[in-house]
$ cat coords11.tsv   # TSV, C-alpha atoms
chain	number	residue	atom	x	y	z
Q	23	MET	CA	-9.31	13.50	-4.77
Q	24	THR	CA	-8.79	14.42	-8.45
Q	25	HIS	CA	-7.50	12.08	-11.12
Q	26	GLU	CA	-3.77	12.65	-10.88
Q	27	LEU	CA	-0.78	10.41	-11.28
Q	28	PRO	CA	1.07	9.60	-8.06
Q	29	PRO	CA	3.50	12.52	-7.61
Q	30	THR	CA	6.50	10.32	-6.76
Q	31	ILE	CA	6.19	7.54	-9.38
Q	32	ASP	CA	8.11	7.81	-12.64
Q	33	PRO	CA	5.78	6.34	-15.35
Q	34	VAL	CA	8.72	5.19	-17.50
Q	35	ALA	CA	10.36	3.36	-14.61
Q	36	ALA	CA	7.01	1.83	-13.60
Q	37	ALA	CA	6.45	0.56	-17.15
Q	38	ARG	CA	9.93	-1.00	-17.25
Q	39	TRP	CA	9.34	-2.76	-13.94
Q	40	ALA	CA	5.93	-4.00	-15.11
Q	41	ALA	CA	7.47	-5.40	-18.31
Q	42	LEU	CA	10.39	-7.12	-16.56
Q	43	SER	CA	9.97	-10.83	-17.13
Q	44	MET	CA	11.27	-12.15	-13.83
Q	45	PRO	CA	13.05	-10.87	-10.72
Q	46	ALA	CA	16.77	-10.46	-11.14
Q	47	SER	CA	17.68	-13.26	-8.72
Q	48	ALA	CA	17.20	-16.96	-9.39
Q	49	GLY	CA	17.04	-20.13	-7.39
Q	50	PRO	CA	20.09	-22.24	-6.48
Q	51	SER	CA	19.61	-24.47	-9.54
Q	52	GLY	CA	19.15	-21.55	-11.91
Q	53	GLU	CA	15.37	-21.98	-12.11
Q	54	ALA	CA	13.04	-18.99	-12.25
Q	55	PRO	CA	12.35	-17.81	-8.68
Q	56	ALA	CA	9.00	-18.11	-6.95
Q	57	SER	CA	6.98	-15.19	-5.66
Q	58	ALA	CA	8.54	-13.06	-2.91
Q	59	TRP	CA	8.02	-14.47	0.58
Q	60	LEU	CA	6.41	-11.28	1.92
Q	61	HIS	CA	3.94	-11.20	-0.97
Q	62	GLU	CA	2.97	-14.80	-0.29
Q	63	GLU	CA	2.48	-14.07	3.42
Q	64	VAL	CA	0.30	-11.03	2.71
Q	65	ALA	CA	-1.73	-13.05	0.20
Q	66	ARG	CA	-2.22	-15.81	2.78
Q	67	ARG	CA	-3.56	-13.29	5.29
Q	68	MET	CA	-5.80	-11.71	2.67
Q	69	GLU	CA	-7.13	-15.12	1.64
Q	70	GLU	CA	-8.27	-15.72	5.22
Q	71	ARG	CA	-10.46	-12.62	4.91
Q	72	LEU	CA	-12.51	-14.36	2.20
Q	73	ALA	CA	-14.18	-16.41	4.95
Q	74	TRP	CA	-16.27	-13.30	5.74
Q	75	ILE	CA	-17.59	-12.94	2.18
Q	76	LYS	CA	-20.60	-15.10	1.36
Q	77	LEU	CA	-20.55	-14.67	-2.41
Q	78	ARG	CA	-18.86	-17.60	-4.14
Q	79	PRO	CA	-17.55	-16.52	-7.53
Q	80	GLN	CA	-18.34	-18.40	-10.70
Q	81	GLN	CA	-15.38	-16.71	-12.39
Q	82	TRP	CA	-12.47	-14.79	-10.89
Q	83	ALA	CA	-9.20	-13.26	-12.03
Q	84	HIS	CA	-5.73	-13.22	-10.50
Q	85	TRP	CA	-4.00	-10.00	-11.56
Q	86	GLU	CA	-0.19	-10.37	-11.74
Q	87	ALA	CA	-0.11	-13.79	-10.10
Q	88	VAL	CA	3.64	-14.44	-10.40
Q	89	ARG	CA	4.61	-11.43	-8.33
Q	90	GLY	CA	1.46	-11.53	-6.23
Q	91	GLY	CA	1.78	-15.11	-5.04
Q	92	LEU	CA	1.77	-18.44	-6.88
Q	93	GLN	CA	1.31	-20.40	-3.66
Q	94	ALA	CA	-1.61	-18.13	-2.77
Q	95	HIS	CA	-3.19	-18.88	-6.15
Q	96	LYS	CA	-3.41	-22.52	-5.16
Q	97	LEU	CA	-5.13	-21.56	-1.90
Q	98	LEU	CA	-7.70	-19.58	-3.87
Q	99	ALA	CA	-8.24	-22.45	-6.29
Q	100	GLN	CA	-8.87	-24.76	-3.33
Q	101	ARG	CA	-11.37	-22.31	-1.81
Q	102	TYR	CA	-13.26	-21.94	-5.11
Q	103	PRO	CA	-12.72	-25.27	-6.93
Q	104	ASP	CA	-15.77	-24.85	-9.17
Q	105	ALA	CA	-14.91	-21.32	-10.33
Q	106	GLY	CA	-13.22	-20.57	-13.63
Q	107	CYS	CA	-10.10	-18.43	-13.39
Q	108	PHE	CA	-8.30	-15.88	-15.57
Q	109	VAL	CA	-4.59	-15.25	-14.91
Q	110	VAL	CA	-3.51	-11.80	-16.12
Q	111	GLU	CA	0.17	-10.91	-16.56
Q	112	SER	CA	1.64	-7.78	-18.15
Q	113	SER	CA	4.88	-9.55	-19.12
Q	114	PRO	CA	5.08	-12.48	-21.60
Q	115	GLY	CA	7.84	-14.02	-19.50
Q	116	ARG	CA	5.76	-13.97	-16.33
Q	117	LEU	CA	2.76	-15.25	-18.25
Q	118	GLN	CA	4.80	-18.27	-19.34
Q	119	ARG	CA	6.01	-18.73	-15.77
Q	120	ALA	CA	2.39	-18.74	-14.59
Q	121	ARG	CA	1.50	-21.36	-17.21
Q	122	ASP	CA	4.42	-23.55	-16.14
Q	123	VAL	CA	3.47	-23.44	-12.45
Q	124	LEU	CA	-0.32	-23.37	-12.53
Q	125	SER	CA	-1.21	-25.52	-15.55
Q	126	LYS	CA	-1.84	-29.21	-14.86
Q	127	PRO	CA	-0.40	-31.78	-17.30
Q	128	TRP	CA	-2.87	-33.33	-19.74
Q	129	TRP	CA	-2.83	-36.66	-17.87
Q	130	HIS	CA	-3.61	-35.12	-14.45
Q	131	PRO	CA	-7.18	-35.96	-13.26
Q	132	GLY	CA	-7.60	-32.44	-11.93
Q	133	ARG	CA	-7.23	-31.04	-15.46
Q	134	TRP	CA	-10.54	-32.61	-16.41
Q	135	LYS	CA	-12.41	-32.19	-13.12
Q	136	ALA	CA	-11.48	-28.64	-12.11
Q	137	ALA	CA	-12.87	-25.45	-13.63
Q	138	PRO	CA	-10.71	-24.08	-16.46
Q	139	THR	CA	-7.83	-21.66	-15.94
Q	140	ARG	CA	-7.31	-19.21	-18.81
Q	141	PHE	CA	-4.12	-17.24	-19.21
Q	142	GLU	CA	-5.66	-14.15	-20.77
Q	143	ALA	CA	-7.57	-10.98	-19.90
Q	144	PRO	CA	-11.20	-11.57	-18.89
Q	145	PRO	CA	-14.11	-9.98	-20.79
Q	146	GLU	CA	-15.78	-6.95	-19.28
Q	147	GLY	CA	-18.49	-7.69	-16.75
Q	148	SER	CA	-17.53	-11.35	-16.47
Q	149	LEU	CA	-16.04	-11.70	-12.96
Q	150	GLN	CA	-17.45	-12.15	-9.49
Q	151	MET	CA	-14.03	-11.65	-7.85
Q	152	LEU	CA	-10.84	-9.86	-8.86
Q	153	TRP	CA	-7.72	-10.57	-6.79
Q	154	ALA	CA	-4.73	-8.19	-6.93
Q	155	ASN	CA	-2.07	-8.73	-4.27
Q	156	MET	CA	0.74	-6.21	-3.67
Q	157	LEU	CA	0.30	-4.45	-7.02
Q	158	LEU	CA	-1.26	-0.97	-6.77
Q	159	HIS	CA	1.68	0.71	-5.00
Q	160	GLN	CA	3.89	0.22	-8.09
Q	161	VAL	CA	1.40	1.36	-10.77
Q	162	ALA	CA	1.90	4.78	-12.37
Q	163	ASP	CA	-1.84	5.37	-12.93
Q	164	PRO	CA	-3.68	3.36	-10.25
Q	165	GLN	CA	-6.97	5.19	-10.80
Q	166	ALA	CA	-7.07	4.01	-14.42
Q	167	LEU	CA	-6.34	0.44	-13.33
Q	168	ILE	CA	-9.06	0.54	-10.63
Q	169	ALA	CA	-11.54	1.82	-13.22
Q	170	HIS	CA	-10.54	-1.05	-15.52
Q	171	TRP	CA	-11.12	-3.54	-12.71
Q	172	HIS	CA	-14.56	-2.01	-12.13
Q	173	ARG	CA	-15.49	-2.59	-15.79
Q	174	THR	CA	-14.24	-6.18	-15.62
Q	175	LEU	CA	-16.36	-7.12	-12.61
Q	176	ALA	CA	-20.00	-8.12	-12.88
Q	177	VAL	CA	-22.62	-6.36	-10.77
Q	178	ASP	CA	-22.27	-7.50	-7.14
Q	179	GLY	CA	-18.78	-8.80	-7.89
Q	180	PHE	CA	-16.00	-7.75	-5.50
Q	181	LEU	CA	-12.39	-6.62	-5.56
Q	182	MET	CA	-9.74	-7.87	-3.11
Q	183	PHE	CA	-6.37	-6.10	-3.07
Q	184	SER	CA	-3.37	-5.27	-0.92
Q	185	CYS	CA	-0.43	-2.90	-1.25
Q	186	PHE	CA	2.27	-1.07	0.70
Q	187	GLY	CA	1.30	1.89	2.88
Q	188	PRO	CA	3.16	5.11	3.76
Q	189	ASP	CA	5.02	3.70	6.78
Q	190	THR	CA	6.86	1.14	4.65
Q	191	LEU	CA	10.69	1.26	4.81
Q	192	ARG	CA	10.70	4.03	7.41
Q	193	GLU	CA	14.07	2.85	8.79
Q	194	LEU	CA	15.66	2.95	5.34
Q	195	ARG	CA	14.16	6.36	4.55
Q	196	GLU	CA	15.62	7.80	7.75
Q	197	LEU	CA	19.02	6.32	6.92
Q	198	TYR	CA	19.03	7.83	3.42
Q	199	ARG	CA	18.02	11.25	4.78
Q	200	ALA	CA	20.82	11.12	7.33
Q	201	GLN	CA	23.34	10.34	4.58
Q	202	GLY	CA	21.99	13.10	2.31
Q	203	TRP	CA	20.97	10.62	-0.40
Q	204	PRO	CA	17.83	10.72	-2.56
Q	205	ALA	CA	14.86	8.70	-1.28
Q	206	PRO	CA	15.30	4.89	-1.45
Q	207	ALA	CA	11.72	4.40	-2.71
Q	208	HIS	CA	8.76	6.33	-4.05
Q	209	GLU	CA	6.04	7.42	-1.63
Q	210	PHE	CA	3.21	4.97	-0.88
Q	211	THR	CA	-0.45	6.03	-0.88
Q	212	ASP	CA	-2.48	6.24	2.33
Q	213	MET	CA	-5.30	3.70	2.69
Q	214	HIS	CA	-7.93	6.45	2.98
Q	215	ASP	CA	-6.93	7.74	-0.45
Q	216	TRP	CA	-7.34	4.23	-1.85
Q	217	GLY	CA	-10.87	4.24	-0.44
Q	218	ASP	CA	-11.60	7.55	-2.19
Q	219	MET	CA	-10.31	6.19	-5.49
Q	220	LEU	CA	-12.53	3.12	-5.19
Q	221	VAL	CA	-15.61	5.29	-4.70
Q	222	GLN	CA	-14.66	7.54	-7.63
Q	223	ALA	CA	-14.33	4.47	-9.85
Q	224	GLY	CA	-17.88	3.38	-8.97
Q	225	PHE	CA	-17.24	0.83	-6.22
Q	226	ALA	CA	-19.48	0.66	-3.17
Q	227	GLU	CA	-18.89	-0.20	0.49
Q	228	PRO	CA	-15.08	-0.01	0.37
Q	229	VAL	CA	-13.43	-1.41	3.49
Q	230	MET	CA	-9.78	-0.63	4.20
Q	231	ASP	CA	-7.57	-1.81	7.02
Q	232	MET	CA	-3.85	-2.04	7.66
Q	233	GLU	CA	-1.18	-3.79	9.69
Q	234	ARG	CA	2.56	-3.46	10.09
Q	235	ILE	CA	4.93	-6.36	9.50
Q	236	THR	CA	8.54	-6.15	10.70
Q	237	LEU	CA	11.13	-8.33	8.97
Q	238	THR	CA	14.59	-8.95	10.40
Q	239	PHE	CA	17.75	-9.77	8.47
Q	240	PRO	CA	21.12	-11.15	9.60
Q	241	THR	CA	23.19	-9.00	7.22
Q	242	PRO	CA	22.84	-5.86	5.07
Q	243	GLN	CA	23.36	-8.03	1.99
Q	244	ARG	CA	20.34	-10.20	2.84
Q	245	LEU	CA	18.22	-7.11	3.50
Q	246	LEU	CA	19.04	-5.62	0.09
Q	247	GLN	CA	18.39	-8.95	-1.63
Q	248	GLU	CA	14.89	-8.99	-0.13
Q	249	LEU	CA	14.20	-5.46	-1.36
Q	250	ARG	CA	15.25	-6.34	-4.90
Q	251	GLU	CA	12.70	-9.17	-4.91
Q	252	LEU	CA	9.89	-6.89	-3.67
Q	253	GLY	CA	10.16	-4.15	-6.28
Q	254	ARG	CA	12.09	-1.14	-7.50
Q	255	ASN	CA	12.58	2.50	-6.56
Q	256	LEU	CA	10.24	4.35	-8.94
Q	257	HIS	CA	10.86	7.83	-7.51
Q	258	PRO	CA	11.52	10.46	-10.24
Q	259	GLY	CA	14.23	11.96	-8.02
Q	260	ARG	CA	16.15	8.70	-7.52
Q	261	PHE	CA	19.90	8.69	-8.22
Q	262	ALA	CA	20.23	8.94	-12.00
Q	263	GLY	CA	23.46	7.00	-12.53
Q	264	LEU	CA	24.99	3.73	-11.42
Q	265	ARG	CA	26.28	3.50	-7.87
Q	266	GLY	CA	29.86	2.40	-7.31
Q	267	ARG	CA	31.39	-0.12	-4.94
Q	268	GLY	CA	32.38	2.64	-2.55
Q	269	TRP	CA	28.78	3.80	-2.17
Q	270	LEU	CA	27.59	0.23	-1.67
Q	271	GLN	CA	30.17	-0.27	1.06
Q	272	ARG	CA	28.95	2.93	2.77
Q	273	LEU	CA	25.38	1.63	2.58
Q	274	HIS	CA	26.39	-1.71	4.12
Q	275	GLU	CA	28.21	0.07	6.94
Q	276	ALA	CA	25.29	2.45	7.58
Q	277	LEU	CA	22.84	-0.44	7.71
Q	278	ALA	CA	25.06	-2.44	10.05
Q	279	ALA	CA	25.32	0.59	12.35
Q	280	GLN	CA	21.53	0.58	12.73
Q	281	ALA	CA	21.58	-2.80	14.47
Q	282	VAL	CA	21.11	-2.49	18.22
Q	283	GLY	CA	23.87	-4.46	19.94
Q	284	ASP	CA	26.63	-6.69	18.61
Q	285	GLY	CA	25.22	-9.34	16.26
Q	286	ALA	CA	21.66	-8.01	16.51
Q	287	PRO	CA	19.51	-8.41	13.39
Q	288	LEU	CA	18.55	-5.55	11.10
Q	289	SER	CA	14.86	-4.74	10.83
Q	290	LEU	CA	12.55	-3.13	8.27
Q	291	THR	CA	8.93	-2.10	8.72
Q	292	PHE	CA	6.31	-2.77	6.04
Q	293	GLU	CA	2.86	-1.20	6.29
Q	294	ILE	CA	0.34	-3.42	4.52
Q	295	ASN	CA	-2.96	-1.96	3.33
Q	296	TYR	CA	-5.86	-4.34	2.63
Q	297	GLY	CA	-8.99	-3.35	0.77
Q	298	HIS	CA	-12.14	-4.79	-0.71
Q	299	ALA	CA	-15.21	-3.27	-2.34
Q	300	PHE	CA	-18.27	-4.33	-4.34
Q	301	LYS	CA	-19.54	-3.24	-7.73
Q	302	PRO	CA	-23.13	-2.04	-7.29
Q	303	ALA	CA	-25.89	-1.98	-9.90
Q	304	PRO	CA	-25.64	1.17	-12.04
Q	305	ARG	CA	-27.97	4.01	-11.25
Q	306	LEU	CA	-29.90	5.84	-13.95
Q	307	ARG	CA	-29.19	9.55	-13.99
Q	308	VAL	CA	-32.50	11.40	-13.80
Q	309	GLN	CA	-32.64	14.96	-15.10
Q	310	ALA	CA	-35.47	17.27	-16.14
Q	311	GLU	CA	-35.48	15.33	-19.40
Q	312	SER	CA	-33.72	11.94	-19.56
Q	313	LEU	CA	-33.21	9.65	-22.54
Q	314	VAL	CA	-32.78	5.96	-21.73
Q	315	SER	CA	-32.29	3.34	-24.44
Q	316	LEU	CA	-34.51	0.28	-24.47
Q	317	GLU	CA	-31.48	-1.99	-24.04
Q	318	GLU	CA	-30.25	0.00	-21.01
Q	319	MET	CA	-33.71	-0.23	-19.45
Q	320	ARG	CA	-33.82	-4.00	-20.03
Q	321	ARG	CA	-30.34	-4.42	-18.50
Q	322	THR	CA	-31.32	-2.41	-15.43
Q	323	LEU	CA	-34.49	-4.40	-14.90
Q	324	ARG	CA	-32.62	-7.70	-15.24
Q	325	GLN	CA	-30.05	-6.62	-12.64
Q	326	ARG	CA	-32.77	-5.71	-10.12
Q	327	LYS	CA	-34.35	-9.17	-10.29

$ encode --input "coords11.tsv" --output "structure tokens"
Amino acid sequence: MTHELPPTIDPVAAARWAALSMPASAGPSGEAPASAWLHEEVARRMEERLAWIKLRPQQWAHWEAVRGGLQAHKLLAQRYPDAGCFVVESSPGRLQRARDVLSKPWWHPGRWKAAPTRFEAPPEGSLQMLWANMLLHQVADPQALIAHWHRTLAVDGFLMFSCFGPDTLRELRELYRAQGWPAPAHEFTDMHDWGDMLVQAGFAEPVMDMERITLTFPTPQRLLQELRELGRNLHPGRFAGLRGRGWLQRLHEALAAQAVGDGAPLSLTFEINYGHAFKPAPRLRVQAESLVSLEEMRRTLRQRK
């Protein structure tokens, strides 16, 4: 697989979504909303997979914690109470939201007993674990981001991530095709391609698996609300203008017609890809004549001990 941008992600739209401070909707009291329910559920299932990994990180990073799962962050902090943490956010508004939710007040005993949480990017080679939940499927250049993660991890550190797979929103895609509308979402990458990208970035022993989660909704309005919380349509061929009330009414009617039986709930399928991989010790490239600096030789010898 060559280094190419995903063919159905508009980089400008992806950058706007990444910079958006908070989801459009808010809680009943006007407060900033929490992470999407589906993201929290996927993060909970991914956190259970950590029981199979023996390495306990000294330092770890949560990439895009607000969208990835603030409740899940607390589960991770409980699993690794002695590990320092970096919280990385691409939006100043979400970074402040993460501070508000995850920072303990100065008088809280846990502030002085627990390992520190830093709201900044970690130094290169400083992490034993990097956690990125439900992020890669909405990044315009995922290979560049995976390579950045590889540089940030220490040798023998590991990456844990999840994202949407190709079967996501299949019911909605079929509906849009039947109506002659542009696709409702960009295409999602197959898990085997994610594995190839991990290897190309220098990761070792990538393990990928998937599952399908079906969500049901009582009304078309509730279904569309859920989708707005999960992300945006980043397809370059998406409808260029604003949709009118007439189109929205047609969409509601088409969704309602998909329900099987009177009063039956609407359903959407989400394919969830899970992946993890380790960063191995670097290998020296041996040629007919090889030049290796003294510092590189020292670093290699230290890593083999």

$ residues_around --input "coords11.tsv" --residues "region 287-298 of chain Q" --least-positions-apart "4" --cutoff "6 Å" --atoms "all atoms listed in the file" --output "PyMOL selection string"
chain Q and resi 181-187+189-191+228-240+281

$ closest_residue --input "coords11.tsv" --among "Q:Met156, Q:Leu273, Q:Leu72, Q:Val221" --to "Gly91 (chain Q)" --atoms "all atoms listed in the file"
Q:Met156

$ residues_near_point --input "coords11.tsv" --point "(-14.7, -17.4, -7.2)" --cutoff "9 Å" --atoms "only C-alpha atoms" --output "list in words"
Leu77, Arg78, Pro79, Gln80, Gln81, Trp82, Ala83, Leu98, Ala99, Arg101, Tyr102, Pro103, Asp104, Ala105, Gly106, Cys107, Leu149, Gln150, Met151 and Leu152 of chain Q

$ atom_distance --input "coords11.tsv" --atom1 "CA of Ser57 (chain Q)" --atom2 "CA of Trp216 (chain Q)"
24.4 Å

$ atom_distance --input "coords11.tsv" --atom1 "CA of Phe180 (chain Q)" --atom2 "CA of Ala87 (chain Q)"
17.6 Å

$ atom_distance --input "coords11.tsv" --atom1 "CA of Ala278 (chain Q)" --atom2 "CA of Glu251 (chain Q)"
20.5 Å

$ closest_atom_pairs --input "coords11.tsv" --of "region 140-201 of chain Q" --to "region 268-272 of chain Q" --cutoff "12 Å" --atoms "all atoms listed in the file" --output "JSON lines"
{"residue": "Q:Leu197", "atom": "CA", "partner": "Q:Arg272", "partner_atom": "CA", "distance": 11.3}
{"residue": "Q:Tyr198", "atom": "CA", "partner": "Q:Arg272", "partner_atom": "CA", "distance": 11.1}
{"residue": "Q:Gln201", "atom": "CA", "partner": "Q:Arg272", "partner_atom": "CA", "distance": 9.5}

$ residues_around --input "coords11.tsv" --residues "Arg254 (chain Q)" --least-positions-apart "4" --cutoff "8 Å" --atoms "all atoms listed in the file" --output "ChimeraX atom specification"
/Q:39,207,249-250

$ closest_residue --input "coords11.tsv" --among "Q:Glu146, Q:Gly266, Q:Pro28, Q:Arg116" --to "Ala41 (chain Q)" --atoms "all atoms listed in the file"
Q:Arg116

$ residues_near_point --input "coords11.tsv" --point "(-14.3, 1.5, -8.9)" --cutoff "8 Å" --atoms "all atoms listed in the file" --output "PyMOL selection string"
chain Q and resi 168-169+171-172+219-226+301

$ residues_around --input "coords11.tsv" --residues "Pro114 (chain Q)" --least-positions-apart "5" --cutoff "12 Å" --atoms "all atoms listed in the file" --output "list in words"
Ala40, Ala41, Leu42, Ser43, Met44, Glu86, Val88, Arg119, Ala120, Arg121, Phe141 and Glu142 of chain Q

$ closest_residue --input "coords11.tsv" --among "Q:Leu157, Q:Ala166, Q:Ala36, Q:Leu175" --to "Val64 (chain Q)" --atoms "only C-alpha atoms"
Q:Leu157

$ axis_aligned_box --input "coords11.tsv" --around "region 241-252 of chain Q" --padding-each-side "3 Å" --output "lines of an AutoDock Vina configuration file"
center_x = 16.6
center_y = -7.8
center_z = 1.2
size_x = 19.5
size_y = 10.7
size_z = 18.1
